Every structure is written in C-alpha cells, then in structure tokens.
file model_32.cif (mmCIF, C-alpha atoms and all ligand atoms)
data_work
loop_
_atom_site.label_atom_id
_atom_site.label_comp_id
_atom_site.auth_asym_id
_atom_site.auth_seq_id
_atom_site.Cartn_x
_atom_site.Cartn_y
_atom_site.Cartn_z
CA MET G 823 -36.26 249.60 -36.56
CA ASN G 824 -34.40 252.81 -37.35
CA SER G 825 -37.43 254.54 -38.73
CA PHE G 826 -39.66 253.52 -35.88
CA ILE G 827 -37.60 254.50 -32.92
CA PRO G 828 -37.78 258.28 -33.46
CA THR G 829 -41.58 258.10 -33.74
CA HIS G 830 -41.77 256.14 -30.53
CA TYR G 831 -39.29 258.45 -28.98
CA SER G 832 -41.30 261.55 -29.74
CA LYS G 833 -44.53 259.97 -28.55
CA MET G 834 -42.91 258.74 -25.39
CA ALA G 835 -41.18 262.05 -24.77
CA LYS G 836 -44.54 263.61 -24.23
CA SER G 837 -45.87 261.01 -21.88
CA VAL G 838 -42.95 259.74 -19.80
CA GLY G 839 -40.43 262.54 -20.04
CA ALA G 840 -37.45 263.03 -22.32
CA ALA G 841 -34.81 261.52 -20.06
CA THR G 842 -36.64 258.23 -19.56
CA ALA G 843 -37.49 258.00 -23.23
CA LEU G 844 -33.88 258.58 -24.20
CA LEU G 845 -32.80 255.77 -21.90
CA LEU G 846 -35.41 253.46 -23.41
CA ALA G 847 -34.37 254.39 -26.95
CA SER G 848 -30.70 253.75 -26.24
CA ALA G 849 -31.56 250.41 -24.66
CA ILE G 850 -33.38 249.47 -27.84
CA TYR G 851 -30.42 250.51 -29.98
CA THR G 852 -27.93 248.62 -27.82
CA SER G 853 -29.86 245.39 -27.88
CA ALA G 854 -30.33 245.69 -31.64
CA SER G 855 -26.59 245.98 -32.32
CA ALA G 856 -25.37 243.66 -29.53
CA GLU G 857 -24.77 239.96 -29.96
CA THR G 858 -26.02 237.53 -27.32
CA TRP G 859 -24.36 234.16 -26.81
CA ASP G 860 -26.30 231.50 -24.94
CA MET G 861 -23.92 229.45 -22.83
CA PRO G 862 -25.00 226.10 -21.36
CA THR G 863 -23.10 224.90 -18.27
CA PRO G 864 -23.66 221.69 -16.27
CA TYR G 865 -23.28 222.80 -12.65
CA PRO G 866 -25.49 224.86 -10.29
CA ASP G 867 -24.99 228.61 -9.69
CA ALA G 868 -23.27 228.23 -6.31
CA THR G 869 -20.48 226.09 -7.85
CA PHE G 870 -17.25 228.08 -8.01
CA HIS G 871 -16.86 227.15 -11.71
CA THR G 872 -20.21 228.81 -12.44
CA VAL G 873 -19.32 231.84 -10.32
CA ASN G 874 -16.08 232.13 -12.31
CA ILE G 875 -17.95 231.85 -15.62
CA ASN G 876 -20.46 234.52 -14.60
CA GLN G 877 -17.52 236.80 -13.85
CA PHE G 878 -16.03 235.92 -17.27
CA ALA G 879 -19.33 236.88 -18.93
CA GLU G 880 -19.38 240.16 -17.03
CA ASP G 881 -15.78 240.92 -18.02
CA VAL G 882 -16.57 240.29 -21.70
CA ALA G 883 -19.64 242.53 -21.55
CA LYS G 884 -17.63 245.29 -19.92
CA ALA G 885 -14.63 245.03 -22.25
CA THR G 886 -16.86 245.12 -25.34
CA ASN G 887 -19.20 247.84 -24.05
CA GLY G 888 -22.05 245.38 -24.18
CA ALA G 889 -21.40 244.35 -27.80
CA LEU G 890 -21.11 240.70 -26.73
CA GLU G 891 -23.41 239.48 -24.00
CA ILE G 892 -22.87 235.92 -22.74
CA LYS G 893 -26.00 234.52 -21.14
CA VAL G 894 -25.14 231.65 -18.81
CA HIS G 895 -27.67 228.80 -18.52
CA SER G 896 -26.44 226.83 -15.50
CA ALA G 897 -27.19 223.37 -14.06
CA GLY G 898 -27.91 221.72 -17.42
CA SER G 899 -30.98 223.94 -17.92
CA LEU G 900 -30.43 224.64 -21.65
CA PHE G 901 -28.65 221.40 -22.63
CA LYS G 902 -28.07 218.35 -20.44
CA HIS G 903 -24.43 217.87 -19.57
CA PRO G 904 -23.72 215.02 -22.05
CA GLU G 905 -25.21 217.15 -24.88
CA ILE G 906 -23.24 220.35 -24.27
CA SER G 907 -20.10 219.52 -26.29
CA LYS G 908 -22.25 218.33 -29.20
CA ALA G 909 -24.32 221.52 -29.07
CA VAL G 910 -21.20 223.69 -29.35
CA ARG G 911 -19.70 221.44 -32.00
CA GLY G 912 -22.88 221.60 -34.11
CA GLY G 913 -23.28 225.35 -33.63
CA GLN G 914 -26.61 225.17 -31.78
CA VAL G 915 -24.86 227.29 -29.17
CA PRO G 916 -21.66 229.33 -29.69
CA ILE G 917 -20.10 228.55 -26.30
CA GLY G 918 -20.39 226.05 -23.45
CA GLU G 919 -18.75 224.39 -20.47
CA PHE G 920 -18.36 220.67 -19.72
CA PHE G 921 -16.30 218.17 -17.74
CA LEU G 922 -13.29 217.61 -20.00
CA SER G 923 -12.85 213.87 -19.37
CA LEU G 924 -16.41 213.21 -20.56
CA LEU G 925 -14.88 213.23 -24.06
CA ASN G 926 -12.60 210.34 -23.07
CA ASN G 927 -14.66 207.98 -25.24
CA GLU G 928 -13.85 210.09 -28.31
CA ASN G 929 -10.14 210.18 -27.53
CA PRO G 930 -8.37 209.04 -24.34
CA ALA G 931 -6.27 212.25 -24.42
CA PHE G 932 -9.33 214.07 -23.03
CA GLY G 933 -9.37 211.82 -19.96
CA VAL G 934 -5.78 211.91 -18.73
CA ASP G 935 -6.72 214.18 -15.79
CA SER G 936 -9.10 211.54 -14.39
CA ILE G 937 -6.57 208.72 -14.03
CA PRO G 938 -6.31 207.93 -10.29
CA PHE G 939 -3.08 209.01 -8.60
CA LEU G 940 -1.31 210.20 -11.76
CA VAL G 941 -1.62 213.78 -10.49
CA THR G 942 -2.58 214.72 -6.92
CA SER G 943 -1.27 218.29 -6.44
CA TYR G 944 -2.24 221.55 -8.14
CA ASP G 945 1.31 222.14 -9.39
CA ASP G 946 1.34 218.74 -11.08
CA ALA G 947 -2.17 219.36 -12.40
CA ALA G 948 -0.94 222.60 -14.00
CA ARG G 949 1.99 220.76 -15.62
CA LEU G 950 -0.35 218.05 -16.88
CA TRP G 951 -2.64 220.71 -18.40
CA SER G 952 0.35 222.25 -20.22
CA ALA G 953 1.21 218.82 -21.62
CA GLN G 954 -2.38 218.00 -22.52
CA LYS G 955 -3.46 221.36 -23.95
CA PRO G 956 -1.76 221.27 -27.40
CA VAL G 957 -3.22 217.81 -28.03
CA ILE G 958 -6.68 218.88 -26.90
CA GLU G 959 -6.49 222.00 -29.09
CA LYS G 960 -5.90 219.88 -32.18
CA LEU G 961 -8.63 217.39 -31.33
CA LEU G 962 -11.16 220.14 -30.62
CA ASP G 963 -10.15 221.99 -33.78
CA ALA G 964 -11.15 218.93 -35.81
CA GLN G 965 -14.57 219.23 -34.11
CA ASN G 966 -14.97 222.95 -34.93
CA MET G 967 -14.20 224.01 -31.37
CA ILE G 968 -11.58 226.21 -29.72
CA PRO G 969 -10.71 225.85 -26.01
CA LEU G 970 -10.98 229.14 -24.10
CA PHE G 971 -10.03 228.10 -20.57
CA SER G 972 -9.89 225.12 -18.27
CA VAL G 973 -10.22 225.05 -14.48
CA PRO G 974 -9.67 222.10 -12.11
CA TRP G 975 -11.92 220.77 -9.37
CA PRO G 976 -10.36 220.29 -5.94
CA PRO G 977 -8.74 216.85 -5.37
CA GLN G 978 -11.29 214.05 -5.39
CA GLY G 979 -12.25 212.31 -2.12
CA LEU G 980 -14.38 209.38 -1.01
CA TYR G 981 -17.88 209.85 0.49
CA THR G 982 -19.57 206.95 2.28
CA LYS G 983 -22.07 206.02 5.00
CA LYS G 984 -19.47 204.12 7.04
CA PRO G 985 -15.71 204.14 7.71
CA ILE G 986 -13.69 202.68 4.82
CA ALA G 987 -10.54 200.86 5.95
CA SER G 988 -9.69 199.08 2.70
CA VAL G 989 -10.89 198.61 -0.88
CA ASP G 990 -12.79 195.54 0.35
CA ASP G 991 -15.17 197.86 2.20
CA LEU G 992 -16.29 199.30 -1.15
CA LYS G 993 -17.47 195.93 -2.47
CA GLY G 994 -21.11 195.88 -3.50
CA LEU G 995 -21.73 199.59 -2.79
CA LYS G 996 -24.02 201.43 -5.21
CA PHE G 997 -21.54 203.97 -6.45
CA ARG G 998 -22.31 207.35 -8.04
CA THR G 999 -20.02 208.06 -11.04
CA TYR G 1000 -19.50 210.97 -13.44
CA ASN G 1001 -17.37 209.58 -16.28
CA ALA G 1002 -16.16 206.34 -17.86
CA THR G 1003 -12.91 206.24 -15.85
CA LEU G 1004 -14.73 206.51 -12.54
CA GLU G 1005 -17.07 203.77 -13.73
CA GLN G 1006 -14.04 201.59 -14.47
CA PHE G 1007 -12.68 202.48 -11.02
CA ALA G 1008 -15.91 201.43 -9.31
CA ASN G 1009 -15.99 198.17 -11.24
CA LEU G 1010 -12.38 197.37 -10.29
CA ALA G 1011 -13.25 198.08 -6.63
CA GLY G 1012 -16.17 195.64 -6.84
CA ALA G 1013 -18.73 198.42 -6.46
CA ALA G 1014 -21.82 198.96 -8.66
CA PRO G 1015 -21.50 202.19 -10.73
CA THR G 1016 -24.39 204.50 -11.68
CA GLN G 1017 -23.88 207.72 -13.64
CA VAL G 1018 -25.54 210.71 -11.90
CA GLU G 1019 -25.19 214.40 -12.82
CA VAL G 1020 -24.41 216.87 -10.01
CA PRO G 1021 -27.87 218.54 -9.83
CA ASP G 1022 -29.39 215.05 -9.28
CA ILE G 1023 -27.02 213.88 -6.51
CA PRO G 1024 -29.21 214.64 -3.44
CA GLN G 1025 -32.18 212.82 -4.94
CA ALA G 1026 -30.11 209.84 -6.08
CA PHE G 1027 -28.90 209.36 -2.49
CA SER G 1028 -32.22 210.01 -0.79
CA THR G 1029 -34.01 207.49 -3.01
CA GLY G 1030 -31.28 204.88 -2.49
CA ARG G 1031 -30.13 204.72 -6.13
CA VAL G 1032 -26.58 205.29 -4.86
CA GLU G 1033 -24.84 205.11 -1.46
CA ALA G 1034 -21.25 206.25 -2.06
CA MET G 1035 -19.32 208.59 -4.36
CA ILE G 1036 -15.97 210.10 -5.23
CA THR G 1037 -16.01 213.83 -5.85
CA SER G 1038 -14.54 217.11 -4.57
CA PRO G 1039 -15.19 218.83 -1.24
CA SER G 1040 -16.96 221.47 -3.39
CA THR G 1041 -19.54 219.12 -4.84
CA GLY G 1042 -19.95 217.27 -1.53
CA ALA G 1043 -20.58 220.52 0.36
CA ASN G 1044 -22.78 222.12 -2.32
CA SER G 1045 -24.87 218.93 -2.50
CA LYS G 1046 -25.30 218.94 1.32
CA SER G 1047 -23.80 215.46 1.57
CA TRP G 1048 -24.28 215.50 5.38
CA ASP G 1049 -27.99 214.94 4.76
CA TYR G 1050 -27.33 211.42 3.47
CA LEU G 1051 -23.66 210.51 4.14
CA SER G 1052 -21.40 210.39 7.19
CA HIS G 1053 -17.75 209.88 6.18
CA TYR G 1054 -15.33 211.77 3.93
CA THR G 1055 -12.01 210.02 3.36
CA ASP G 1056 -9.54 212.54 1.97
CA ILE G 1057 -7.83 210.33 -0.62
CA GLN G 1058 -6.94 213.23 -3.01
CA ALA G 1059 -7.01 210.77 -5.86
CA TRP G 1060 -7.03 213.01 -8.95
CA ILE G 1061 -7.67 216.60 -10.09
CA PRO G 1062 -10.08 216.63 -13.05
CA LYS G 1063 -10.94 219.76 -15.02
CA ASN G 1064 -13.84 221.56 -16.65
CA ILE G 1065 -13.29 223.26 -19.98
CA VAL G 1066 -14.98 226.20 -21.70
CA VAL G 1067 -15.03 225.93 -25.48
CA VAL G 1068 -16.29 228.13 -28.28
CA ASN G 1069 -17.60 227.16 -31.71
CA LYS G 1070 -14.96 228.05 -34.32
CA ARG G 1071 -17.36 229.68 -36.77
CA ALA G 1072 -19.08 231.75 -34.10
CA PHE G 1073 -15.71 232.93 -32.84
CA ARG G 1074 -14.48 233.89 -36.32
CA LYS G 1075 -17.63 235.93 -36.92
CA LEU G 1076 -16.64 238.32 -34.12
CA ASP G 1077 -14.63 241.41 -35.04
CA ASP G 1078 -10.97 241.53 -33.98
CA ALA G 1079 -11.51 243.71 -30.93
CA THR G 1080 -14.31 241.50 -29.56
CA ARG G 1081 -12.28 238.34 -30.20
CA ASP G 1082 -9.32 239.84 -28.31
CA ALA G 1083 -11.63 240.82 -25.45
CA VAL G 1084 -12.94 237.24 -25.19
CA LEU G 1085 -9.42 235.79 -25.18
CA ALA G 1086 -8.21 238.27 -22.56
CA ALA G 1087 -11.19 237.56 -20.29
CA ALA G 1088 -10.64 233.82 -20.80
CA ALA G 1089 -6.98 234.05 -19.75
CA GLN G 1090 -8.06 235.92 -16.63
CA ALA G 1091 -10.80 233.38 -15.91
CA GLU G 1092 -8.34 230.49 -16.13
CA LYS G 1093 -5.98 232.15 -13.68
CA ARG G 1094 -8.76 233.19 -11.31
CA GLY G 1095 -10.40 229.75 -11.52
CA TRP G 1096 -7.26 227.84 -10.51
CA GLN G 1097 -6.89 230.13 -7.50
CA MET G 1098 -10.56 229.71 -6.56
CA SER G 1099 -10.14 225.94 -6.80
CA ARG G 1100 -7.15 225.91 -4.45
CA GLU G 1101 -9.08 227.98 -1.91
CA GLU G 1102 -12.17 225.75 -2.22
CA THR G 1103 -10.30 222.69 -1.04
CA ASP G 1104 -9.89 223.89 2.55
CA THR G 1105 -13.01 226.00 2.91
CA LYS G 1106 -15.34 223.30 1.61
CA THR G 1107 -13.64 220.52 3.61
CA ALA G 1108 -14.22 222.68 6.72
CA ILE G 1109 -17.89 223.04 5.77
CA LEU G 1110 -18.21 219.25 5.53
CA ARG G 1111 -16.72 218.94 9.01
CA ASP G 1112 -18.86 221.75 10.47
CA ASN G 1113 -21.97 219.97 9.26
CA GLY G 1114 -21.13 216.72 10.96
CA ILE G 1115 -19.27 214.73 8.31
CA THR G 1116 -16.38 212.71 9.78
CA VAL G 1117 -13.34 213.80 7.74
CA VAL G 1118 -10.55 211.22 7.89
CA GLU G 1119 -7.17 210.50 6.36
CA PRO G 1120 -7.04 207.23 4.40
CA SER G 1121 -5.33 204.20 5.98
CA ALA G 1122 -2.18 202.88 4.30
CA GLU G 1123 -4.08 199.73 3.37
CA LEU G 1124 -6.85 201.70 1.65
CA LEU G 1125 -4.33 203.87 -0.22
CA ASP G 1126 -2.34 200.82 -1.39
CA GLY G 1127 -5.50 199.21 -2.72
CA LEU G 1128 -6.65 202.40 -4.47
CA ARG G 1129 -3.20 202.94 -5.98
CA ALA G 1130 -3.24 199.40 -7.38
CA ILE G 1131 -6.55 200.16 -9.08
CA GLY G 1132 -5.05 203.41 -10.38
CA ALA G 1133 -2.10 201.52 -11.85
CA THR G 1134 -4.44 199.14 -13.69
CA ILE G 1135 -6.41 202.09 -15.09
CA LEU G 1136 -3.20 203.85 -16.19
CA GLU G 1137 -1.97 200.71 -18.02
CA GLN G 1138 -5.28 200.41 -19.84
CA TRP G 1139 -5.25 204.12 -20.69
CA LYS G 1140 -1.73 203.89 -22.12
CA LYS G 1141 -2.86 201.07 -24.40
CA ASP G 1142 -5.95 202.97 -25.52
CA ALA G 1143 -4.20 206.33 -25.92
CA GLY G 1144 -1.25 204.95 -27.93
CA ASP G 1145 1.33 207.43 -29.24
CA THR G 1146 -0.80 210.46 -28.35
CA GLY G 1147 -0.99 209.33 -24.74
CA ALA G 1148 2.72 208.56 -24.64
CA ALA G 1149 3.47 212.08 -25.94
CA ILE G 1150 1.31 213.67 -23.23
CA LEU G 1151 2.96 211.65 -20.47
CA LYS G 1152 6.41 212.41 -21.85
CA ALA G 1153 5.73 216.14 -21.97
CA TYR G 1154 4.28 215.94 -18.43
CA GLN G 1155 7.29 214.13 -17.03
CA GLN G 1156 9.82 216.56 -18.52
N1 LIG P 1 -17.52 217.62 -9.14
C1 LIG P 1 -18.11 217.18 -10.38
C2 LIG P 1 -16.95 216.76 -11.22
C3 LIG P 1 -15.80 216.61 -10.30
C4 LIG P 1 -16.24 217.28 -9.06
O1 LIG P 1 -15.53 217.52 -8.10
C5 LIG P 1 -19.00 215.98 -10.17
O2 LIG P 1 -19.03 215.43 -9.06
O3 LIG P 1 -19.63 215.54 -11.13
#
call {"tool": "encode", "arguments": {"input": "model_32.cif", "output": "structure tokens"}}
result
Amino acid sequence: MNSFIPTHYSKMAKSVGAATALLLASAIYTSASAETWDMPTPYPDATFHTVNINQFAEDVAKATNGALEIKVHSAGSLFKHPEISKAVRGGQVPIGEFFLSLLNNENPAFGVDSIPFLVTSYDDAARLWSAQKPVIEKLLDAQNMIPLFSVPWPPQGLYTKKPIASVDDLKGLKFRTYNATLEQFANLAGAAPTQVEVPDIPQAFSTGRVEAMITSPSTGANSKSWDYLSHYTDIQAWIPKNIVVVNKRAFRKLDDATRDAVLAAAAQAEKRGWQMSREETDTKTAILRDNGITVVEPSAELLDGLRAIGATILEQWKKDAGDTGAAILKAYQQ
C-alpha cells in the first residue's frame, strides 16, 4: 500500500490536479489506518434510539479523528434482532444494540424492567437501572460483553381496534408481543400471543396475524398504527430499555485514547437518550391523536385487572430470579 500510493499520486497529479489527488491519497491513508465497527441494531432509522446511536457513532468518529468508525446497520438488516446479542458475544460483530429484556430467558435479572407496574415513571426507571446495572455488568462480563449505555422506551400503552373497558375485553385477541414477559402477560389476559419484530408490525396487522399490541407511543406512531388500529389506552404499564453492548476483546484491542472516547460518547448517549425518550412520550402521543387514534385514559376496572396480572408476573419473577432478583429489588427500594 505504502509503495503504491506515491506512484498513483504522481500519475493522478498529472491528470486530475494536485489538490484532488492529495485528497484522494489522504482518504486512502485514513481508511487504511482506521478501524470500522459494524453495528447491528433492531429498529428502523426514524426510531429515536437509532437516531441517538447514529449521533453516538458520529461523536466517536469525531473524538477519534476518524480512527474508529462505527457503521450502524439498522432495522435488523445485518443480524435479526434475536441474533444480535449472540453476534456480539461470539465476536462476529464488535458492537450491537438489543432490547435488554430479550435476555430474560438467560437470567431473569435482564427482564426486571418489563414487569408490569413495577416502574411507571422515568425517575423510578432511572433508579431501577442503577439497581440493575451492576448485576447486568457481571452477567454480560461472563458472556464477553461490556454494557456501554442503556436507554428506555416511553411508557408502554395498549393499542386495539375497539375500546377496552376491562381485561375481559382482551380475551381471545391475537396479540403482538416482543418478549417472554409480554407473552406471559397476554396469556394471563386470555389473549393469543405472537412474537413480531418492529419492522414487521404493519404487515402483521394488515394480514390479520395480530389485532392488538402493547408498545410505546414511539413505536405506535412510527409504525403508522392509525392505518390498522383505532384506540390507544394510555396504561403506562412499564418502561423497558434497549442496551448497547461491546465485545470485550474488541474493546480491549482499542488503544487507551480510543477506549476513553467510546466511553465518553456512551455516557453522553445515555444522558441524551433518556431525555429524548421523555420528550417522545408527549410528541408521539400527539401524533397518534392527530392521525385519528382515540387516545383514552384507562378505566379503574381495566387498571385493577392489569395490576393483578402484573402482581402475578412479579411473584413468578421473584421465584425465578431468586437471590439476584431480591438484591435488585432491595437496591431499587432503598
Ligand atoms: N418498542 C419496541 C420495544 C418497546 C417499544 O416501545 C417494540 O415494540 O418492540
């Protein structure tokens, strides 16, 4: 490479002009010395999580003068969502994003943020993350991964094709789910769960595979839920998070300055992401309304029924999560 660039340079200098050739030569040098990290993420580009991650990638590139370029592959285009954590763990990719509670089946500690009605405000969600984080760090470490930052979705609400006055109204509905806890929730409500990834939501509704879901105002608005649904009941049932993780070996291979730059950009991304999430809640709920979705507060009867389901799920989780779960809840309640 080194021996061939000057030759090229001198040839090009004659034909395209010295300035252009210099630019080309420096571009070649930069890309030869720079490291590129492919980063799979599950959600489409318009999702605020993806916007935040693109900003993170830009910040890293800037802080390292282009020495580390993070190339984001959104919407499950490089790895399907359920494969992303395995890909980072196995080192097929150095970095990736996924829905944290998807790892609930490996250890219930990953799923504490998806228990209905345990946490329903951002302040409580932040306290829960502080309680959960040290446990998650250890579990991920055993899988060769390091958490970089975690950002919550807006509070989760109920999307249907009719008004929902009580849990009884959910019986028999084909229900779109995104993790094992939501599947358990649908089963307890007498609904029929089907796992569907975000990019596939519009098609799953239009083909009749599903007819109701629980998700954020963000995902409901970005998926144009008004095309196939009519009611949004603002139950604010839980505040689940995404996480960005890096493969331990890939991270250790970076020099100190680059590693520091990644950590600094990650800290900024976490802070920025939580703020973006808070702002999303109102702006995206307004978009639902503006597009004809009937946005309603839940009845007391519906809330009572949903809370009872939440209590059952929490009891089961406590059993499954054992001492680790008890430690998280204790730290959260302090
Ligand atoms: N959107 C993602 C996860 C939670 C959310 O609000 C989804 O629906 O899969």
call {"tool": "residues_near_ligand", "arguments": {"input": "model_32.cif", "ligand": "ligand LIG 1 (chain P)", "cutoff": "8 Å", "atoms": "all atoms listed in the file", "output": "PyMOL selection string"}}
result
chain G and resi 865+921+975-978+999-1000+1018-1020+1036-1042+1062-1064
call {"tool": "closest_residue", "arguments": {"input": "model_32.cif", "among": "G:Ile1065, G:Ala1083, G:Ala1034, G:Ala1072", "to": "G:Ser1047", "atoms": "all atoms listed in the file"}}
result
G:Ala1034
call {"tool": "axis_aligned_box", "arguments": {"input": "model_32.cif", "around": "stretch 990-993 of chain G", "padding_each_side": "4 Å", "output": "JSON"}}
result
{"center_x": -15.1, "center_y": 197.4, "center_z": -0.1, "size_x": 12.7, "size_y": 11.8, "size_z": 12.7}
call {"tool": "atom_distance", "arguments": {"input": "model_32.cif", "atom1": "atom CA of G:Gln1090", "atom2": "atom CA of G:Ser923"}}
result
22.7 Å
call {"tool": "closest_residue", "arguments": {"input": "model_32.cif", "among": "G:Thr886, G:Ser899, G:Gln1097, G:Asn1069", "to": "G:Gln965", "atoms": "all atoms listed in the file"}}
result
G:Asn1069
call {"tool": "closest_residue", "arguments": {"input": "model_32.cif", "among": "G:His903, G:Lys1106, G:His895, G:Arg911", "to": "G:Arg1071", "atoms": "all atoms listed in the file"}}
result
G:Arg911
call {"tool": "closest_residue", "arguments": {"input": "model_32.cif", "among": "G:Ala1091, G:Ala948, G:Val934, G:Ile1057", "to": "G:Ala1002", "atoms": "all atoms listed in the file"}}
result
G:Val934
call {"tool": "atom_distance", "arguments": {"input": "model_32.cif", "atom1": "atom CA of G:Gly933", "atom2": "atom CA of G:Thr1003"}}
result
7.8 Å
call {"tool": "residues_around", "arguments": {"input": "model_32.cif", "residues": "G:Thr872", "least_positions_apart": "5", "cutoff": "8 Å", "atoms": "only C-alpha atoms", "output": "list of chain:residue names"}}
result
G:Thr863, G:Tyr865, G:Pro866, G:Asp867, G:Ser896
call {"tool": "closest_residue", "arguments": {"input": "model_32.cif", "among": "G:Lys1152, G:Ile937, G:Val1068, G:Ala1087", "to": "G:Gly1132", "atoms": "only C-alpha atoms"}}
result
G:Ile937
